[in-house]
$ cat start.txt   # compact mmCIF, C-alpha atoms
# COMPACT_ATOMS: atom_id res chain seq x y z
CA MET W 199 4.61 6.88 12.43
CA GLY W 200 1.65 9.10 13.27
CA GLN W 201 -1.46 8.00 15.14
CA ARG W 202 -4.94 8.86 13.84
CA ASP W 203 -5.08 11.28 10.93
CA VAL W 204 -6.23 14.74 11.97
CA GLY W 205 -8.77 14.80 9.17
CA ARG W 206 -10.95 12.23 10.86
CA SER W 207 -13.75 14.14 12.52
CA ARG W 208 -16.70 11.85 13.18
CA THR W 209 -17.02 9.83 16.35
CA ALA W 210 -17.60 6.09 16.22
CA THR W 211 -21.33 6.45 16.88
CA GLU W 212 -22.05 9.09 14.23
CA ARG W 213 -23.46 7.82 10.95
CA PRO W 214 -23.85 10.24 8.04
CA ALA W 215 -26.99 9.99 5.96
CA LEU W 216 -26.52 7.61 3.02
CA ASP W 217 -26.78 8.96 -0.51
CA PRO W 218 -29.77 7.45 -2.37
CA GLU W 219 -27.70 4.97 -4.41
CA SER W 220 -25.83 3.69 -1.35
CA ALA W 221 -29.08 3.43 0.60
CA ALA W 222 -30.58 1.38 -2.22
CA TRP W 223 -27.62 -1.02 -2.19
CA VAL W 224 -27.83 -1.52 1.57
CA ALA W 225 -31.59 -1.98 1.40
CA THR W 226 -31.52 -4.59 -1.39
CA LEU W 227 -28.54 -6.49 0.06
CA SER W 228 -30.41 -6.71 3.39
CA ASP W 229 -33.87 -7.27 1.91
CA ALA W 230 -36.08 -9.83 3.62
CA SER W 231 -37.04 -11.21 0.22
CA GLY W 232 -34.52 -13.84 -0.77
CA ARG W 233 -35.02 -13.14 -4.47
CA THR W 234 -34.37 -9.38 -4.18
CA ARG W 235 -31.30 -10.04 -2.04
CA GLU W 236 -29.98 -12.71 -4.42
CA GLU W 237 -30.34 -10.41 -7.41
CA ALA W 238 -28.50 -7.62 -5.60
CA TYR W 239 -25.63 -9.96 -4.71
CA GLU W 240 -25.43 -11.20 -8.30
CA ARG W 241 -25.30 -7.62 -9.58
CA LEU W 242 -22.64 -6.71 -7.02
CA TYR W 243 -20.58 -9.81 -7.86
CA ALA W 244 -20.62 -8.84 -11.55
CA MET W 245 -19.37 -5.36 -10.65
CA LEU W 246 -16.64 -6.72 -8.37
CA LEU W 247 -15.50 -9.13 -11.08
CA ARG W 248 -15.29 -6.29 -13.61
CA ILE W 249 -13.20 -4.23 -11.16
CA ALA W 250 -10.92 -7.19 -10.37
CA ARG W 251 -10.29 -7.80 -14.06
CA SER W 252 -9.59 -4.16 -14.83
CA GLU W 253 -7.31 -3.88 -11.79
CA LEU W 254 -5.27 -6.89 -12.93
CA ARG W 255 -5.01 -5.33 -16.39
CA ARG W 256 -4.00 -1.99 -14.86
CA ARG W 257 -1.19 -3.62 -12.87
CA GLY W 258 -0.11 -5.30 -16.09
CA SER W 259 3.44 -6.59 -16.22
CA ASP W 260 3.89 -6.18 -12.44
CA THR W 261 1.68 -9.22 -11.91
CA ARG W 262 3.52 -11.63 -14.24
CA ILE W 263 0.26 -13.47 -14.90
CA ASN W 264 -2.12 -13.37 -17.81
CA GLY W 265 -4.88 -15.20 -19.64
CA PRO W 266 -6.89 -17.87 -17.83
CA GLU W 267 -4.74 -17.63 -14.70
CA SER W 268 -5.51 -13.91 -14.43
CA ASP W 269 -9.22 -14.48 -14.94
CA ASP W 270 -9.25 -17.22 -12.33
CA LEU W 271 -7.58 -14.85 -9.89
CA ALA W 272 -10.17 -12.16 -10.72
CA HIS W 273 -13.01 -14.60 -9.93
CA GLN W 274 -11.37 -15.59 -6.64
CA ALA W 275 -10.86 -11.94 -5.66
CA ALA W 276 -14.46 -11.04 -6.52
CA ALA W 277 -15.86 -14.05 -4.61
CA ASP W 278 -13.76 -13.36 -1.49
CA ALA W 279 -14.58 -9.65 -1.64
CA LEU W 280 -18.30 -10.46 -1.85
CA LEU W 281 -17.99 -12.72 1.18
CA ALA W 282 -16.24 -9.98 3.16
CA ILE W 283 -18.87 -7.44 2.11
CA THR W 284 -21.66 -9.79 3.21
CA ARG W 285 -20.05 -10.19 6.61
CA LYS W 286 -19.32 -6.50 7.08
CA LEU W 287 -22.39 -4.90 5.52
CA ALA W 288 -23.60 -3.76 8.96
CA ASP W 289 -20.28 -1.91 9.39
CA PHE W 290 -20.86 0.30 6.33
CA ARG W 291 -21.23 3.76 7.83
CA GLY W 292 -21.85 5.83 4.72
CA GLU W 293 -18.55 7.71 5.02
CA SER W 294 -18.11 7.08 1.30
CA ARG W 295 -20.35 5.88 -1.49
CA PHE W 296 -21.33 2.24 -1.05
CA THR W 297 -19.65 1.22 -4.29
CA THR W 298 -16.32 2.84 -3.23
CA TRP W 299 -16.50 0.97 0.10
CA ALA W 300 -17.30 -2.28 -1.70
CA TYR W 301 -14.65 -1.86 -4.40
CA ARG W 302 -12.01 -1.39 -1.70
CA PHE W 303 -12.54 -5.02 -0.69
CA VAL W 304 -11.88 -6.33 -4.18
CA ILE W 305 -8.83 -4.11 -4.71
CA LEU W 306 -7.33 -5.36 -1.43
CA GLU W 307 -8.17 -8.95 -2.41
CA VAL W 308 -6.34 -8.48 -5.72
CA SER W 309 -3.25 -7.21 -3.84
CA SER W 310 -3.37 -10.07 -1.38
CA LYS W 311 -3.76 -12.72 -4.07
CA LEU W 312 -0.94 -11.25 -6.14
CA GLY W 313 1.28 -11.40 -3.04
CA ARG W 314 0.45 -15.08 -2.69
CA HIS W 315 0.98 -15.64 -6.41
CA PHE W 316 4.50 -14.13 -6.27
CA TRP W 317 5.86 -17.28 -4.66
CA HIS W 318 4.57 -19.44 -7.51
CA ARG W 319 7.16 -17.81 -9.73
CA PRO W 320 9.73 -15.75 -7.80
CA THR W 321 11.83 -13.75 -10.26
CA GLU W 322 15.24 -14.30 -8.74
CA ALA W 323 17.05 -16.59 -6.38
CA LEU W 324 16.47 -14.90 -3.04
CA ASP W 325 18.75 -16.92 -0.84
CA ALA W 326 21.95 -14.96 -1.52
CA GLU W 327 22.43 -11.28 -0.71
CA ASP W 328 23.71 -9.40 -3.73
CA TRP W 329 24.89 -6.04 -2.43
CA ASP W 330 26.06 -5.07 -5.92
CA ARG W 331 22.39 -4.39 -6.59
CA LEU W 332 22.20 -1.68 -3.92
CA PRO W 333 23.17 1.33 -6.11
CA ASP W 334 20.54 0.31 -8.67
CA ARG W 335 17.92 -0.19 -5.95
CA LEU W 336 18.71 3.29 -4.67
CA GLY W 337 18.32 4.70 -8.19
CA LEU W 338 21.94 5.78 -8.50
CA ASP W 339 23.48 6.45 -11.89
CA PRO W 340 26.55 4.24 -12.59
CA ALA W 341 28.03 7.15 -14.56
CA HIS W 342 28.24 9.11 -11.30
CA GLU W 343 29.87 6.36 -9.24
CA SER W 344 32.58 8.72 -8.01
CA GLN W 345 29.80 10.76 -6.34
CA TRP W 346 28.22 7.88 -4.48
CA ARG W 347 30.85 5.14 -4.02
CA GLU W 348 31.84 6.18 -0.48
CA LEU W 349 28.25 6.97 0.55
CA VAL W 350 26.99 3.57 -0.61
CA ARG W 351 29.85 1.86 1.24
CA ALA W 352 28.83 3.73 4.41
CA PHE W 353 25.18 2.87 3.75
CA ARG W 354 26.01 -0.81 3.38
CA GLN W 355 28.05 -0.76 6.59
CA ALA W 356 25.24 1.02 8.44
CA VAL W 357 22.82 -1.76 7.50
CA ASP W 358 25.07 -4.19 9.36
CA ASP W 359 25.95 -1.87 12.23
CA VAL W 360 22.69 -0.22 13.27
CA LEU W 361 19.81 -2.44 12.20
CA THR W 362 18.49 -5.29 14.32
CA ASP W 363 18.58 -8.77 12.79
CA HIS W 364 14.87 -8.50 12.00
CA GLN W 365 15.17 -5.03 10.47
CA ARG W 366 18.12 -6.20 8.39
CA GLN W 367 16.24 -9.28 7.17
CA VAL W 368 13.22 -7.21 6.13
CA PHE W 369 15.39 -4.47 4.62
CA VAL W 370 17.33 -6.96 2.50
CA ALA W 371 14.14 -8.65 1.28
CA VAL W 372 12.32 -5.43 0.41
CA VAL W 373 15.13 -3.19 -0.81
CA LEU W 374 17.85 -5.50 -2.09
CA ASP W 375 15.75 -8.40 -3.35
CA GLY W 376 12.75 -6.28 -4.34
CA VAL W 377 10.23 -8.72 -2.88
CA PRO W 378 6.76 -7.10 -2.81
CA LEU W 379 5.49 -6.33 0.70
CA ASP W 380 2.34 -8.38 0.09
CA ALA W 381 4.47 -11.40 -0.84
CA LEU W 382 6.42 -11.08 2.42
CA VAL W 383 3.12 -10.88 4.29
CA VAL W 384 2.33 -14.36 2.96
CA ARG W 385 5.83 -15.79 3.49
CA TRP W 386 6.16 -14.52 7.07
CA ASN W 387 2.47 -14.79 8.05
CA THR W 388 2.31 -11.16 9.12
CA ASN W 389 0.59 -8.03 7.84
CA ARG W 390 1.56 -5.20 5.51
CA ASN W 391 1.71 -2.63 8.31
CA ALA W 392 4.20 -4.66 10.35
CA ILE W 393 6.60 -4.93 7.42
CA TYR W 394 6.14 -1.28 6.42
CA LYS W 395 6.79 -0.16 10.02
CA THR W 396 9.99 -2.23 10.13
CA VAL W 397 11.27 -0.63 6.92
CA PHE W 398 10.15 2.82 8.15
CA ASP W 399 12.13 2.41 11.38
CA ALA W 400 15.12 1.01 9.47
CA ARG W 401 15.16 4.05 7.18
CA ARG W 402 15.10 6.43 10.15
CA LYS W 403 17.96 4.61 11.87
CA LEU W 404 20.07 4.45 8.72
CA ARG W 405 19.56 8.13 7.97
CA ALA W 406 20.35 9.15 11.57
CA HIS W 407 23.55 7.11 11.44
CA LEU W 408 24.63 8.57 8.10
CA VAL W 409 23.91 12.12 9.33
CA THR W 410 25.76 11.57 12.61
CA ASN W 411 28.78 10.31 10.72
CA GLY W 412 28.77 13.20 8.27
CA HIS W 413 27.68 11.26 5.17
CA LEU W 414 24.38 13.14 4.85
CA ASP W 415 23.52 16.73 5.77
CA ARG W 416 21.56 17.53 8.87
CA LYS W 417 18.39 19.46 7.94
CA ALA W 418 16.82 22.39 9.78
CA GLY W 419 14.41 20.92 12.33
CA ASP W 420 16.07 17.52 12.03
CA ASN W 421 15.54 15.46 15.15
CA THR W 422 17.52 12.46 14.06
CA MET O 31 24.52 18.01 -1.72
CA ASN O 32 25.07 16.27 -5.05
CA GLU O 33 22.38 14.40 -7.00
CA SER O 34 23.41 10.98 -5.65
CA SER O 35 23.28 12.14 -2.03
CA ALA O 36 19.90 13.73 -2.70
CA ARG O 37 18.59 10.42 -4.03
CA ILE O 38 19.73 8.53 -0.95
CA GLU O 39 18.31 11.29 1.24
CA ARG O 40 14.92 10.89 -0.49
CA PHE O 41 15.12 7.10 -0.17
CA LEU O 42 15.71 7.35 3.57
CA HIS O 43 13.22 10.15 4.17
CA THR O 44 10.40 9.34 6.58
CA ASP O 45 7.46 11.60 7.40
CA PRO O 46 6.38 11.57 11.07
CA ARG O 47 2.78 12.26 9.95
CA ASP O 48 2.70 8.94 8.03
CA VAL O 49 -0.30 6.97 9.38
CA GLY O 50 0.95 3.53 8.31
CA CYS O 51 -0.75 0.83 6.26
CA ASP O 52 -3.45 -0.20 8.75
CA GLN O 53 -5.07 3.22 8.97
CA ALA O 54 -4.49 3.93 5.29
CA MET O 55 -6.35 0.75 4.31
CA GLU O 56 -9.08 1.41 6.86
CA MET O 57 -9.91 4.83 5.39
CA LEU O 58 -8.92 4.25 1.76
CA HIS O 59 -12.53 4.44 0.49
CA ILE O 60 -13.14 7.74 2.30
CA TYR O 61 -9.96 9.28 0.94
CA VAL O 62 -10.59 8.04 -2.60
CA ASP O 63 -14.12 9.50 -2.64
CA LEU O 64 -12.70 12.82 -1.46
CA VAL O 65 -9.98 12.82 -4.13
CA ALA O 66 -12.54 11.89 -6.79
CA THR O 67 -15.06 14.55 -5.87
CA GLU O 68 -13.28 17.57 -4.43
CA ASP O 69 -9.94 19.31 -3.94
CA GLY O 70 -8.02 19.35 -0.71
CA ALA O 71 -8.05 15.68 0.30
CA ALA O 72 -4.31 15.73 1.02
CA ALA O 73 -4.63 18.87 3.15
CA ARG O 74 -7.51 17.33 5.10
CA TYR O 75 -5.71 14.01 5.63
CA PRO O 76 -1.99 14.88 5.66
CA GLY O 77 -1.00 11.62 7.32
CA MET O 78 -2.77 9.63 4.64
CA ALA O 79 -1.13 11.70 1.89
CA ALA O 80 2.29 11.20 3.52
CA HIS O 81 1.73 7.46 3.66
CA LEU O 82 0.66 7.17 0.03
CA ARG O 83 3.80 9.06 -1.03
CA ALA O 84 6.00 6.55 0.82
CA CYS O 85 4.25 3.16 0.57
CA GLY O 86 4.24 1.59 -2.88
CA PRO O 87 1.65 -1.14 -2.17
CA CYS O 88 -0.84 1.25 -0.54
CA ALA O 89 -0.30 3.77 -3.36
CA GLN O 90 -1.02 0.96 -5.81
CA ASP O 91 -4.29 0.17 -4.00
CA PHE O 92 -5.17 3.87 -3.95
CA GLU O 93 -4.57 4.20 -7.70
CA GLY O 94 -6.61 1.06 -8.34
CA LEU O 95 -9.58 2.17 -6.26
CA LEU O 96 -9.48 5.66 -7.77
CA ALA O 97 -9.48 4.12 -11.25
CA ALA O 98 -12.41 1.86 -10.28
CA VAL O 99 -14.60 4.70 -9.05
CA SER O 100 -13.64 6.89 -12.01
CA ASP O 101 -14.71 4.22 -14.50

$ encode --input "start.txt" --output "structure tokens"
Amino acid sequence: MGQRDVGRSRTATERPALDPESAAWVATLSDASGRTREEAYERLYAMLLRIARSELRRRGSDTRINGPESDDLAHQAAADALLAITRKLADFRGESRFTTWAYRFVILEVSSKLGRHFWHRPTEALDAEDWDRLPDRLGLDPAHESQWRELVRAFRQAVDDVLTDHQRQVFVAVVLDGVPLDALVVRWNTNRNAIYKTVFDARRKLRAHLVTNGHLDRKAGDNT
Amino acid sequence: MNESSARIERFLHTDPRDVGCDQAMEMLHIYVDLVATEDGAAARYPGMAAHLRACGPCAQDFEGLLAAVSD
């Protein structure tokens, strides 16, 4: 994967001027008057709670929770996001509007809590590998099985032949079992990037193997 | 290449510009504000755009934050 994105132009010490609304948020959340500060935090909490609720609604059936359970999760996400914002307020650099920066915390909290919630009600038994699911996971049409039968067989073999044990374990969980990355983060006490990187590397290795063995075409500029 | 091979090719495709989840999450608010207010965010941050095309969970967070700021 790439390193820093080329679009990033400011150095760590540069701080753009805050827009008036963002400056007002930072000022009230840091105000020496306890009452002003409290009111700002209450207002921010109400906004975070509204975003958490709407985000859970937006994700809809993916979350497999509803009603009081969903609202409880929204409150937890808003409270944890507010705590993180309080701790990191000094880090806000004005590279976005304050509210966008603050909402990011609650969106990430919703994702994290849904990952944890997945294990309360996993959809399928995940202890047995069902390779018959692979064509469906790859989005292949059963009506065209004659097109893909041999390629899928080679794909399946490549998973065993070229992936490390760890890559294979992650690949099976993510691709075959369809376990959300954020749920694996909880189960394996890791982070989203580590799992994504493992799948990224597994994809590259599988493709290189299938190209080398003539199952997929080599592209112009291909370095696999 | 038939349609089935093309699907597997897309599934296995990786973009070397992809910045990964850590950086994507770190700059999500900056990217979302750019997308919400002006054109050209993907051209300015190609590695971020590549990541959001490939990573379902980060794309979900991006869509959620964009919806929140567009409310």

$ closest_atom_pairs --input "start.txt" --of "chain O" --to "chain W" --cutoff "9 Å" --atoms "all atoms listed in the file" --output "CSV"
residue,atom,partner,partner_atom,distance
O:Met31,CA,W:Asp415,CA,7.7
O:Asn32,CA,W:Gln345,CA,7.4
O:Glu33,CA,W:Gln345,CA,8.3
O:Ser34,CA,W:Trp346,CA,5.8
O:Ser35,CA,W:Trp346,CA,7.0
O:Ala36,CA,W:Leu414,CA,8.8
O:Arg37,CA,W:Gly337,CA,7.1
O:Ile38,CA,W:Leu336,CA,6.5
O:Glu39,CA,W:Leu414,CA,7.3
O:Phe41,CA,W:Leu336,CA,6.9
O:Leu42,CA,W:Arg401,CA,4.9
O:His43,CA,W:Arg401,CA,7.1
O:Thr44,CA,W:Arg402,CA,6.6
O:Asp45,CA,W:Met199,CA,7.5
O:Pro46,CA,W:Met199,CA,5.2
O:Arg47,CA,W:Gly200,CA,4.7
O:Asp48,CA,W:Met199,CA,5.2
O:Val49,CA,W:Gly200,CA,4.8
O:Gly50,CA,W:Asn391,CA,6.2
O:Cys51,CA,W:Asn391,CA,4.7
O:Asp52,CA,W:Asn391,CA,5.7
O:Gln53,CA,W:Arg202,CA,7.5
O:Met55,CA,W:Leu306,CA,8.4
O:Leu58,CA,W:Arg302,CA,7.3
O:His59,CA,W:Trp299,CA,5.3
O:Ile60,CA,W:Ser294,CA,5.1
O:Tyr61,CA,W:Ser294,CA,8.4
O:Val62,CA,W:Thr298,CA,7.8
O:Asp63,CA,W:Ser294,CA,6.1
O:Leu64,CA,W:Ser294,CA,8.4
O:Ala71,CA,W:Gly205,CA,8.9
O:Ala73,CA,W:Gly205,CA,8.4
O:Arg74,CA,W:Gly205,CA,5.0
O:Tyr75,CA,W:Gly205,CA,4.7
O:Pro76,CA,W:Asp203,CA,7.1
O:Gly77,CA,W:Asp203,CA,5.5
O:Met78,CA,W:Asp203,CA,6.9
O:Cys85,CA,W:Tyr394,CA,7.6
O:Gly86,CA,W:Leu379,CA,8.8
O:Pro87,CA,W:Leu379,CA,7.1
O:Gln90,CA,W:Arg257,CA,8.4
O:Asp91,CA,W:Ile305,CA,6.3
O:Phe92,CA,W:Ile305,CA,8.8
O:Gly94,CA,W:Glu253,CA,6.1
O:Leu95,CA,W:Arg302,CA,6.3
O:Leu96,CA,W:Thr298,CA,8.7
O:Ala97,CA,W:Glu253,CA,8.3
O:Ala98,CA,W:Ile249,CA,6.2
O:Val99,CA,W:Thr298,CA,6.3

$ axis_aligned_box --input "start.txt" --around "segment 74-92 of chain O" --padding-each-side "8 Å" --output "lines of an AutoDock Vina configuration file"
center_x = -0.8
center_y = 8.1
center_z = 0.8
size_x = 29.5
size_y = 34.5
size_z = 29.1

$ residues_around --input "start.txt" --residues "Glu240 of chain W" --least-positions-apart "4" --cutoff "12 Å" --atoms "only C-alpha atoms" --output "ChimeraX atom specification"
/W:226-227,233-236,244-247,276-277,280

$ atom_distance --input "start.txt" --atom1 "atom CA of Pro214 of chain W" --atom2 "atom CA of Leu287 of chain W"
15.4 Å

$ atom_distance --input "start.txt" --atom1 "atom CA of Leu271 of chain W" --atom2 "atom CA of Cys88 of chain O"
19.8 Å

$ residues_around --input "start.txt" --residues "Arg314 of chain W" --least-positions-apart "3" --cutoff "10 Å" --atoms "only C-alpha atoms" --output "ChimeraX atom specification"
/W:308-311,317-318,380-385

$ write_last_selection --input "start.txt" --atoms "C-alpha atoms" --output "mmCIF file, in the coordinates of the input"
data_model
loop_
_atom_site.group_PDB
_atom_site.id
_atom_site.type_symbol
_atom_site.label_atom_id
_atom_site.label_comp_id
_atom_site.auth_asym_id
_atom_site.auth_seq_id
_atom_site.Cartn_x
_atom_site.Cartn_y
_atom_site.Cartn_z
ATOM 1 C CA VAL W 308 -6.340 -8.480 -5.720
ATOM 2 C CA SER W 309 -3.250 -7.210 -3.840
ATOM 3 C CA SER W 310 -3.370 -10.070 -1.380
ATOM 4 C CA LYS W 311 -3.760 -12.720 -4.070
ATOM 5 C CA TRP W 317 5.860 -17.280 -4.660
ATOM 6 C CA HIS W 318 4.570 -19.440 -7.510
ATOM 7 C CA ASP W 380 2.340 -8.380 0.090
ATOM 8 C CA ALA W 381 4.470 -11.400 -0.840
ATOM 9 C CA LEU W 382 6.420 -11.080 2.420
ATOM 10 C CA VAL W 383 3.120 -10.880 4.290
ATOM 11 C CA VAL W 384 2.330 -14.360 2.960
ATOM 12 C CA ARG W 385 5.830 -15.790 3.490
#

$ atom_distance --input "start.txt" --atom1 "atom CA of Thr362 of chain W" --atom2 "atom CA of His315 of chain W"
29.0 Å
